[in-house]
>>> print(open('start02.txt').read())   # compact mmCIF, C-alpha atoms and all ligand atoms
# COMPACT_ATOMS: atom_id res chain seq x y z
CA MET V 1 -42.30 79.55 31.37
CA THR V 2 -45.75 77.97 31.82
CA LEU V 3 -46.87 74.45 31.02
CA GLU V 4 -50.27 73.50 29.61
CA PRO V 5 -51.98 71.75 31.24
CA PRO V 6 -50.20 72.82 34.44
CA LEU V 7 -48.47 70.16 36.53
CA ARG V 8 -49.87 69.31 39.97
CA ARG V 9 -47.37 69.87 42.80
CA PRO V 10 -44.42 68.57 40.79
CA LEU V 11 -41.06 67.54 42.17
CA GLY V 12 -38.01 68.79 40.30
CA VAL V 13 -35.25 66.34 39.40
CA PHE V 14 -32.05 67.23 37.60
CA ASP V 15 -28.90 65.66 36.28
CA SER V 16 -26.16 66.47 33.82
CA GLY V 17 -27.86 64.27 31.24
CA VAL V 18 -29.70 60.97 30.99
CA GLY V 19 -28.17 59.28 34.06
CA GLY V 20 -30.62 60.87 36.49
CA LEU V 21 -33.40 58.97 34.74
CA THR V 22 -32.38 56.00 36.94
CA VAL V 23 -33.31 58.18 39.94
CA LEU V 24 -36.48 59.45 38.25
CA GLN V 25 -37.57 55.87 37.54
CA ALA V 26 -37.04 54.93 41.20
CA LEU V 27 -38.95 58.05 42.33
CA ARG V 28 -41.86 57.20 40.03
CA ARG V 29 -41.97 53.62 41.32
CA HIS V 30 -42.28 54.96 44.86
CA MET V 31 -44.55 57.92 44.01
CA PRO V 32 -46.55 56.89 40.92
CA HIS V 33 -49.17 59.58 41.57
CA ARG V 34 -46.64 62.46 41.47
CA ASP V 35 -45.89 64.84 38.63
CA PHE V 36 -42.20 65.48 37.92
CA ILE V 37 -40.12 67.99 36.03
CA TYR V 38 -36.82 66.45 34.91
CA LEU V 39 -34.03 68.68 33.66
CA GLY V 40 -31.13 67.06 31.80
CA ASP V 41 -28.28 69.50 31.19
CA THR V 42 -27.22 67.60 28.09
CA ALA V 43 -25.53 70.62 26.47
CA ARG V 44 -22.99 70.73 29.32
CA VAL V 45 -22.65 67.01 30.15
CA PRO V 46 -20.43 65.47 31.51
CA TYR V 47 -20.18 67.13 34.90
CA GLY V 48 -17.85 64.42 36.20
CA ARG V 49 -14.67 65.90 34.78
CA LYS V 50 -15.53 69.61 35.07
CA PRO V 51 -14.12 71.86 37.82
CA PRO V 52 -16.31 71.87 40.95
CA GLU V 53 -17.02 75.61 40.82
CA MET V 54 -18.35 75.25 37.28
CA VAL V 55 -20.70 72.42 38.33
CA VAL V 56 -21.90 74.54 41.28
CA GLY V 57 -22.75 77.35 38.84
CA PHE V 58 -24.72 75.00 36.55
CA ALA V 59 -26.56 73.44 39.49
CA ASN V 60 -27.50 76.84 40.97
CA GLU V 61 -28.93 77.98 37.66
CA ILE V 62 -30.98 74.80 37.24
CA ALA V 63 -32.24 74.94 40.84
CA ASP V 64 -33.37 78.54 40.32
CA PHE V 65 -35.18 77.52 37.13
CA LEU V 66 -36.94 74.60 38.80
CA ASN V 67 -37.88 76.71 41.83
CA GLY V 68 -39.33 79.22 39.37
CA MET V 69 -41.44 76.41 37.88
CA GLY V 70 -43.07 75.93 41.29
CA VAL V 71 -41.62 72.56 42.32
CA GLU V 72 -42.40 71.27 45.83
CA GLY V 73 -38.98 69.68 46.30
CA LEU V 74 -35.75 69.30 44.41
CA VAL V 75 -33.84 66.07 43.84
CA VAL V 76 -30.25 66.42 42.68
CA ALA V 77 -30.13 63.16 40.72
CA CYS V 78 -26.43 63.48 39.94
CA ASN V 79 -23.68 62.31 42.25
CA THR V 80 -21.18 64.87 40.99
CA ALA V 81 -23.55 67.81 41.48
CA SER V 82 -24.68 66.43 44.86
CA ALA V 83 -21.04 66.10 45.91
CA VAL V 84 -20.08 69.70 45.19
CA ALA V 85 -23.26 71.81 45.06
CA LEU V 86 -25.54 70.64 47.86
CA PRO V 87 -24.65 73.32 50.45
CA SER V 88 -25.18 76.13 47.96
CA LEU V 89 -28.43 74.58 46.64
CA GLY V 90 -29.80 74.19 50.17
CA GLU V 91 -29.16 77.89 50.81
CA ARG V 92 -30.76 79.26 47.66
CA SER V 93 -33.70 76.88 47.27
CA SER V 94 -37.06 77.73 48.85
CA VAL V 95 -38.09 74.05 48.90
CA PRO V 96 -36.41 70.94 50.41
CA VAL V 97 -33.41 69.62 48.48
CA TRP V 98 -32.18 66.02 48.37
CA GLY V 99 -28.90 64.83 46.93
CA VAL V 100 -28.07 61.21 46.22
CA ILE V 101 -25.12 60.96 48.60
CA ASP V 102 -26.61 60.99 52.10
CA ALA V 103 -29.09 58.22 51.36
CA GLY V 104 -26.28 56.09 49.87
CA VAL V 105 -24.08 56.67 52.91
CA GLU V 106 -26.99 55.80 55.20
CA ALA V 107 -27.71 52.57 53.33
CA ALA V 108 -24.02 51.57 53.27
CA THR V 109 -23.69 52.21 57.00
CA ARG V 110 -26.65 49.89 57.59
CA ALA V 111 -25.32 47.25 55.20
CA THR V 112 -21.69 46.94 56.29
CA ARG V 113 -20.77 44.34 58.87
CA SER V 114 -16.99 44.66 58.61
CA GLY V 115 -16.89 48.47 58.58
CA SER V 116 -15.06 48.51 55.22
CA VAL V 117 -16.93 50.13 52.37
CA GLY V 118 -15.98 50.90 48.77
CA VAL V 119 -17.33 53.72 46.64
CA ILE V 120 -16.96 54.30 42.92
CA GLY V 121 -17.98 57.36 40.88
CA THR V 122 -16.82 60.10 38.54
CA LYS V 123 -13.57 62.00 39.03
CA GLY V 124 -15.55 64.96 40.38
CA ALA V 125 -17.59 62.96 42.89
CA ILE V 126 -14.62 60.94 44.17
CA GLY V 127 -12.24 63.93 44.07
CA SER V 128 -14.61 65.97 46.25
CA ARG V 129 -14.35 63.28 48.99
CA ALA V 130 -18.04 63.89 49.73
CA TYR V 131 -18.73 60.17 50.21
CA GLN V 132 -15.44 59.51 51.97
CA ARG V 133 -15.86 62.33 54.53
CA ARG V 134 -19.38 61.27 55.46
CA LEU V 135 -18.44 57.58 55.80
CA GLU V 136 -15.21 58.24 57.69
CA SER V 137 -17.04 60.48 60.16
CA ARG V 138 -19.07 57.36 61.02
CA GLY V 139 -15.90 55.37 61.72
CA ILE V 140 -16.07 53.45 58.44
CA ARG V 141 -12.92 52.57 56.48
CA VAL V 142 -13.34 53.71 52.87
CA TRP V 143 -11.78 52.61 49.63
CA ALA V 144 -12.71 54.99 46.79
CA ARG V 145 -11.98 54.97 43.08
CA ALA V 146 -12.91 57.23 40.17
CA CYS V 147 -14.08 55.17 37.17
CA PRO V 148 -14.52 57.81 34.45
CA MET V 149 -14.90 55.44 31.49
CA LEU V 150 -17.92 53.64 32.89
CA VAL V 151 -20.36 56.45 32.00
CA HIS V 152 -19.36 56.13 28.33
CA VAL V 153 -19.61 52.36 28.38
CA VAL V 154 -23.21 52.60 29.63
CA GLU V 155 -24.19 55.34 27.18
CA GLU V 156 -22.77 53.30 24.30
CA GLY V 157 -25.11 50.48 25.28
CA LEU V 158 -22.16 48.29 26.32
CA ALA V 159 -23.15 47.68 29.95
CA GLU V 160 -23.16 43.90 29.48
CA SER V 161 -20.11 43.71 27.21
CA VAL V 162 -16.59 42.30 27.42
CA GLU V 163 -15.34 45.91 27.41
CA ALA V 164 -17.39 46.64 30.53
CA GLU V 165 -16.01 43.50 32.24
CA LEU V 166 -12.44 44.52 31.43
CA LEU V 167 -12.83 48.09 32.66
CA VAL V 168 -14.63 47.08 35.84
CA THR V 169 -11.98 44.47 36.63
CA GLN V 170 -9.25 47.05 36.08
CA TYR V 171 -10.95 49.78 38.15
CA LEU V 172 -11.68 47.43 41.03
CA SER V 173 -8.19 45.90 41.10
CA GLY V 174 -6.08 46.42 44.20
CA ARG V 175 -9.07 47.08 46.44
CA PRO V 176 -8.84 45.95 50.03
CA GLU V 177 -11.41 43.61 51.55
CA ILE V 178 -14.80 45.40 51.50
CA ASP V 179 -18.27 44.02 52.16
CA THR V 180 -20.28 46.91 50.67
CA LEU V 181 -19.84 48.91 47.48
CA ILE V 182 -21.67 52.19 46.83
CA LEU V 183 -22.57 52.80 43.19
CA GLY V 184 -21.78 56.53 43.39
CA CYS V 185 -22.79 57.49 39.85
CA THR V 186 -26.16 57.63 38.13
CA HIS V 187 -25.06 55.23 35.40
CA TYR V 188 -23.72 52.40 37.53
CA PRO V 189 -27.03 50.67 38.38
CA LEU V 190 -26.95 49.61 34.72
CA LEU V 191 -23.63 47.84 35.42
CA ARG V 192 -24.99 46.05 38.47
CA ARG V 193 -24.56 42.53 37.04
CA VAL V 194 -20.98 43.12 35.87
CA LEU V 195 -20.05 44.83 39.16
CA GLN V 196 -21.62 42.09 41.26
CA ARG V 197 -19.69 39.42 39.34
CA ALA V 198 -16.46 41.38 39.83
CA VAL V 199 -16.79 41.87 43.59
CA GLY V 200 -18.55 38.57 44.38
CA GLU V 201 -22.03 37.78 45.68
CA GLU V 202 -21.04 38.39 49.30
CA VAL V 203 -20.52 42.14 48.68
CA THR V 204 -23.66 44.30 49.02
CA LEU V 205 -24.13 46.83 46.23
CA VAL V 206 -25.79 50.08 47.31
CA ASP V 207 -27.83 51.73 44.57
CA SER V 208 -28.05 55.44 45.48
CA ALA V 209 -31.01 55.93 43.11
CA GLU V 210 -33.18 53.47 44.96
CA VAL V 211 -32.34 54.61 48.49
CA THR V 212 -32.70 58.29 47.56
CA ALA V 213 -36.19 57.62 46.18
CA GLU V 214 -37.12 55.93 49.47
CA ALA V 215 -35.86 58.95 51.44
CA VAL V 216 -37.81 61.43 49.27
CA ARG V 217 -40.98 59.34 49.42
CA SER V 218 -40.89 59.26 53.22
CA ALA V 219 -41.00 63.10 53.30
CA PHE V 220 -44.37 63.21 51.52
CA GLU V 221 -47.77 61.70 52.10
CA PRO V 222 -48.28 58.20 50.58
CA PRO V 223 -50.20 57.82 47.29
CA PRO V 224 -53.98 58.11 47.73
CA ARG V 225 -56.00 54.91 47.37
CA SER V 226 -56.96 55.76 43.81
CA PHE V 227 -54.98 58.09 41.59
CA ALA V 228 -54.14 58.90 38.01
CA GLN V 229 -50.56 58.14 36.95
CA GLY V 230 -48.37 61.23 37.42
CA ARG V 231 -46.99 63.08 34.41
CA VAL V 232 -43.36 63.89 33.59
CA VAL V 233 -42.10 66.83 31.59
CA HIS V 234 -38.43 66.73 30.57
CA PHE V 235 -36.42 69.83 29.76
CA VAL V 236 -33.11 69.32 27.99
CA THR V 237 -30.45 71.93 27.26
CA GLY V 238 -29.11 69.91 24.30
CA ASP V 239 -30.86 68.22 21.41
CA PRO V 240 -34.16 66.50 22.44
CA ALA V 241 -33.77 63.72 19.84
CA ALA V 242 -30.26 62.93 21.08
CA PHE V 243 -31.57 62.85 24.65
CA ALA V 244 -34.31 60.38 23.72
CA HIS V 245 -31.80 58.27 21.79
CA THR V 246 -29.24 58.06 24.62
CA ALA V 247 -31.98 57.59 27.20
CA ALA V 248 -32.99 54.36 25.47
CA VAL V 249 -30.07 52.60 27.21
CA ILE V 250 -31.44 53.70 30.61
CA GLY V 251 -34.93 52.41 29.85
CA GLY V 252 -36.28 55.21 27.69
CA VAL V 253 -38.21 58.41 28.30
CA GLU V 254 -41.88 58.55 29.19
CA GLY V 255 -43.37 62.01 28.70
CA GLU V 256 -42.75 65.18 26.75
CA ILE V 257 -39.25 66.46 26.01
CA ILE V 258 -38.93 70.23 25.72
CA SER V 259 -35.85 71.98 24.37
CA LEU V 260 -34.41 74.55 26.79
CA PRO V 261 -31.16 75.94 25.36
CA VAL V 262 -28.71 77.16 28.02
CA THR V 263 -29.33 80.78 26.96
CA GLU V 264 -33.07 80.36 27.57
CA LEU V 265 -32.42 78.66 30.89
CA ALA V 266 -30.31 81.63 31.98
CA ALA V 267 -32.93 84.09 30.67
CA ALA V 268 -35.74 82.27 32.51
CA VAL V 269 -33.72 82.44 35.75
CA ALA V 270 -33.05 86.15 35.26
CA GLY V 271 -36.76 86.70 34.51
CA ILE V 272 -36.00 88.11 31.05
N1 LIG I 1 -24.58 62.09 36.41
C1 LIG I 1 -23.17 62.02 36.71
C2 LIG I 1 -22.97 61.49 38.14
O1 LIG I 1 -23.80 60.82 38.71
C3 LIG I 1 -22.44 61.16 35.71
C4 LIG I 1 -22.34 61.76 34.33
C5 LIG I 1 -21.50 63.02 34.29
O2 LIG I 1 -20.27 62.96 34.48
O3 LIG I 1 -22.08 64.08 34.08
O4 LIG I 1 -21.96 61.78 38.74
>>> encode(input="start02.txt", output="structure tokens", more="lines below")
Ligand code: DGL
Amino acid sequence: MTLEPPLRRPLGVFDSGVGGLTVLQALRRHMPHRDFIYLGDTARVPYGRKPPEMVVGFANEIADFLNGMGVEGLVVACNTASAVALPSLGERSSVPVWGVIDAGVEAATRATRSGSVGVIGTKGAIGSRAYQRRLESRGIRVWARACPMLVHVVEEGLAESVEAELLVTQYLSGRPEIDTLILGCTHYPLLRRVLQRAVGEEVTLVDSAEVTAEAVRSAFEPPPRSFAQGRVVHFVTGDPAAFAHTAAVIGGVEGEIISLPVTELAAAVAGI
């Protein structure tokens, strides 16, 4: 597949759907001169409650497609895919690969004073223990909880609602004393206000999107003194109009949206 006009040294970013746009927005704030290809696998969303081996298969296919598009680096802007697919993606990708987990763990390690950290995410991300293993290996005590309903609350545009307050209170109940909470899901930065109220001002919230963007930026040269704003092309495996509609709750889409049905994605990877 070729794009006209061609992109200049794009970075590839992918997620199961719209959630990774929070990571894309952070990347664009840090690297406004860069071109990006974003792939939202909206036909197969959510990843959070699918078996890990299935998510690994999806992620491999998408990484192969983005590598084929000539990206200079790959950002797995999905906590669930980062949690289960990173080793396999690192092996098969010809360019550097970043997930959202390591940067979040790094930031939480820096932030905690008590050595007790909480992490919330999808069933897949929490069930994989990817965050827990990394934090525990640093001697940090971890409290982790899967909060599956929160993705839906955000996508329904209810991030500031009574429903969100109730769910967050319920999910965070029974937690031990923590001083840092990792938002281990692409959608949770949208719930920042509700989460902060629930845990109290003294708890530091770690936004994986923001810290991942900082890590990726530091691997590349800084923006030149004068530059044209980078371009973004979005590929979606589901309906482009539905993607644009749901993305409105995350801040909207800037750039073209191209339909890439799963069959075409697979064909492009196979070179058919
Ligand atoms: N993007 C996913 C994550 O960060 C949340 C949505 C899903 O379950 O696919 O884990």
>>> residues_around(input="start02.txt", residues="Ala26 in chain V", least_positions_apart="3", cutoff="7 Å", atoms="only C-alpha atoms", output="PyMOL selection string")
chain V and resi 22-23+29-30+209-210+213
>>> residues_near_point(input="start02.txt", point="(-24.6, 64.8, 38.0)", cutoff="6 Å", atoms="only C-alpha atoms", output="list in words")
Asp15, Ser16, Tyr47, Cys78, Asn79, Thr80 and Ala81 of chain V
>>> closest_residue(input="start02.txt", among="V:Val100, V:Met69, V:Ala241, V:Val84", to="Leu27 in chain V", atoms="only C-alpha atoms")
V:Val100
>>> atom_distance(input="start02.txt", atom1="CA of Ala219 in chain V", atom2="CA of Arg138 in chain V")
23.9 Å
>>> closest_atom_pairs(input="start02.txt", of="chain V", to="ligand LIG 1 (chain I)", cutoff="10 Å", atoms="all atoms listed in the file", output="CSV")
residue,atom,partner,partner_atom,distance
V:Phe14,CA,I:LIG1,N1,9.1
V:Asp15,CA,I:LIG1,N1,5.6
V:Ser16,CA,I:LIG1,O3,4.7
V:Gly17,CA,I:LIG1,O3,6.4
V:Val18,CA,I:LIG1,N1,7.5
V:Gly19,CA,I:LIG1,N1,5.1
V:Gly20,CA,I:LIG1,N1,6.2
V:Leu21,CA,I:LIG1,N1,9.5
V:Thr22,CA,I:LIG1,N1,9.9
V:Val23,CA,I:LIG1,O1,9.9
V:Gly40,CA,I:LIG1,N1,9.4
V:Asp41,CA,I:LIG1,O3,8.7
V:Thr42,CA,I:LIG1,O3,8.6
V:Arg44,CA,I:LIG1,O3,8.2
V:Val45,CA,I:LIG1,O3,4.9
V:Pro46,CA,I:LIG1,O3,3.4
V:Tyr47,CA,I:LIG1,O3,3.7
V:Gly48,CA,I:LIG1,O2,3.3
V:Arg49,CA,I:LIG1,O2,6.3
V:Lys50,CA,I:LIG1,O2,8.2
V:Val55,CA,I:LIG1,O3,9.5
V:Val76,CA,I:LIG1,O1,9.4
V:Ala77,CA,I:LIG1,O1,7.0
V:Cys78,CA,I:LIG1,O1,3.9
V:Asn79,CA,I:LIG1,O1,3.8
V:Thr80,CA,I:LIG1,O4,3.9
V:Ala81,CA,I:LIG1,O4,6.8
V:Ser82,CA,I:LIG1,O4,8.2
V:Ala83,CA,I:LIG1,O4,8.4
V:Val100,CA,I:LIG1,O1,8.6
V:Ile101,CA,I:LIG1,O1,10.0
V:Ile120,CA,I:LIG1,O4,9.9
V:Gly121,CA,I:LIG1,O4,6.3
V:Thr122,CA,I:LIG1,O4,5.4
V:Lys123,CA,I:LIG1,O2,8.2
V:Gly124,CA,I:LIG1,O4,7.3
V:Ala125,CA,I:LIG1,O4,6.1
V:Ile126,CA,I:LIG1,O4,9.2
V:Pro148,CA,I:LIG1,O2,7.7
V:Met149,CA,I:LIG1,O2,9.7
V:Leu150,CA,I:LIG1,C3,9.2
V:Val151,CA,I:LIG1,C4,6.1
V:His152,CA,I:LIG1,C4,8.8
V:Glu155,CA,I:LIG1,C4,9.8
V:Leu183,CA,I:LIG1,O1,9.3
V:Gly184,CA,I:LIG1,O1,6.7
V:Cys185,CA,I:LIG1,O1,3.7
V:Thr186,CA,I:LIG1,O1,4.0
V:His187,CA,I:LIG1,C3,6.5
V:Tyr188,CA,I:LIG1,O1,8.5
V:Ser208,CA,I:LIG1,O1,9.6
V:Ala209,CA,I:LIG1,O1,9.8
>>> residues_around(input="start02.txt", residues="range 88-90 of chain V", least_positions_apart="3", cutoff="10 Å", atoms="all atoms listed in the file", output="ChimeraX atom specification")
/V:56-57,59-64,74,76,81-82,84-85,93-99
>>> closest_atom_pairs(input="start02.txt", of="range 22-136 of chain V", to="range 224-228 of chain V", cutoff="10 Å", atoms="only C-alpha atoms", output="JSON lines")
{"residue": "V:Pro32", "atom": "CA", "partner": "V:Ala228", "partner_atom": "CA", "distance": 8.4}
{"residue": "V:His33", "atom": "CA", "partner": "V:Phe227", "partner_atom": "CA", "distance": 6.0}
{"residue": "V:Arg34", "atom": "CA", "partner": "V:Ala228", "partner_atom": "CA", "distance": 9.0}
>>> closest_residue(input="start02.txt", among="V:Pro51, V:Gly73, V:Pro222, V:Gly174", to="Val13 in chain V", atoms="all atoms listed in the file")
V:Gly73
>>> atom_distance(input="start02.txt", atom1="CA of Thr263 in chain V", atom2="CA of Val154 in chain V")
29.0 Å
>>> closest_residue(input="start02.txt", among="V:Val142, V:Ala107, V:Leu191, V:Ala159", to="Arg175 in chain V", atoms="only C-alpha atoms")
V:Val142
>>> atom_distance(input="start02.txt", atom1="CA of Ala130 in chain V", atom2="CA of Arg110 in chain V")
18.2 Å
>>> residues_around(input="start02.txt", residues="Glu106 in chain V", least_positions_apart="5", cutoff="12 Å", atoms="only C-alpha atoms", output="PyMOL selection string")
chain V and resi 100-101+111-112+117+131+134-135+138+140+182+206-208+211-212+214-215
>>> build_atoms(input="start02.txt", residues="range 250-261 of chain V", atoms="all heavy atoms", output="compact mmCIF listing (two decimals), keeping the file's coordinate frame")
# COMPACT_ATOMS: atom_id res chain seq x y z
N ILE V 250 -31.07 53.63 29.19
CA ILE V 250 -31.44 53.70 30.61
C ILE V 250 -32.89 53.24 30.80
O ILE V 250 -33.42 53.24 31.89
CB ILE V 250 -31.29 55.17 31.14
CG1 ILE V 250 -30.00 55.82 30.71
CG2 ILE V 250 -31.52 55.30 32.64
CD1 ILE V 250 -28.84 55.77 31.67
N GLY V 251 -33.55 52.86 29.72
CA GLY V 251 -34.93 52.41 29.85
C GLY V 251 -35.92 53.32 29.15
O GLY V 251 -37.12 53.12 29.24
N GLY V 252 -35.41 54.35 28.49
CA GLY V 252 -36.28 55.21 27.69
C GLY V 252 -36.92 56.35 28.46
O GLY V 252 -36.79 56.44 29.67
N VAL V 253 -37.57 57.22 27.71
CA VAL V 253 -38.21 58.41 28.30
C VAL V 253 -39.72 58.26 28.16
O VAL V 253 -40.21 57.89 27.11
CB VAL V 253 -37.79 59.69 27.53
CG1 VAL V 253 -38.40 60.92 28.17
CG2 VAL V 253 -36.29 59.81 27.48
N GLU V 254 -40.41 58.56 29.24
CA GLU V 254 -41.88 58.55 29.19
C GLU V 254 -42.34 59.97 29.45
O GLU V 254 -42.14 60.47 30.57
CB GLU V 254 -42.38 57.65 30.31
CG GLU V 254 -43.37 56.60 29.89
CD GLU V 254 -43.83 55.85 31.11
OE1 GLU V 254 -43.13 54.89 31.50
OE2 GLU V 254 -44.84 56.26 31.68
N GLY V 255 -42.92 60.63 28.49
CA GLY V 255 -43.37 62.01 28.70
C GLY V 255 -42.76 62.94 27.69
O GLY V 255 -41.89 62.55 26.90
N GLU V 256 -43.22 64.20 27.75
CA GLU V 256 -42.75 65.18 26.75
C GLU V 256 -41.28 65.54 26.98
O GLU V 256 -40.81 65.52 28.12
CB GLU V 256 -43.48 66.51 26.88
CG GLU V 256 -44.95 66.50 26.93
CD GLU V 256 -45.48 67.74 27.67
OE1 GLU V 256 -45.22 68.87 27.20
OE2 GLU V 256 -46.16 67.55 28.69
N ILE V 257 -40.62 65.92 25.91
CA ILE V 257 -39.25 66.46 26.01
C ILE V 257 -39.27 67.86 25.40
O ILE V 257 -39.66 68.02 24.23
CB ILE V 257 -38.23 65.58 25.25
CG1 ILE V 257 -38.33 64.12 25.69
CG2 ILE V 257 -36.81 66.11 25.46
CD1 ILE V 257 -37.43 63.17 24.93
N ILE V 258 -38.89 68.84 26.18
CA ILE V 258 -38.93 70.23 25.72
C ILE V 258 -37.50 70.77 25.63
O ILE V 258 -36.71 70.59 26.58
CB ILE V 258 -39.75 71.11 26.68
CG1 ILE V 258 -41.19 70.58 26.75
CG2 ILE V 258 -39.73 72.58 26.26
CD1 ILE V 258 -42.07 71.30 27.78
N SER V 259 -37.19 71.41 24.54
CA SER V 259 -35.85 71.98 24.37
C SER V 259 -35.73 73.27 25.20
O SER V 259 -36.61 74.13 25.15
CB SER V 259 -35.65 72.27 22.88
OG SER V 259 -34.51 73.07 22.72
N LEU V 260 -34.66 73.36 25.97
CA LEU V 260 -34.41 74.55 26.79
C LEU V 260 -32.93 74.91 26.65
O LEU V 260 -32.10 74.53 27.49
CB LEU V 260 -34.74 74.25 28.26
CG LEU V 260 -34.51 75.36 29.27
CD1 LEU V 260 -35.49 76.50 29.08
CD2 LEU V 260 -34.60 74.82 30.70
N PRO V 261 -32.58 75.59 25.54
CA PRO V 261 -31.16 75.94 25.36
C PRO V 261 -30.63 76.69 26.59
O PRO V 261 -31.40 77.38 27.27
CB PRO V 261 -31.18 76.85 24.13
CG PRO V 261 -32.45 76.51 23.41
CD PRO V 261 -33.43 76.10 24.47
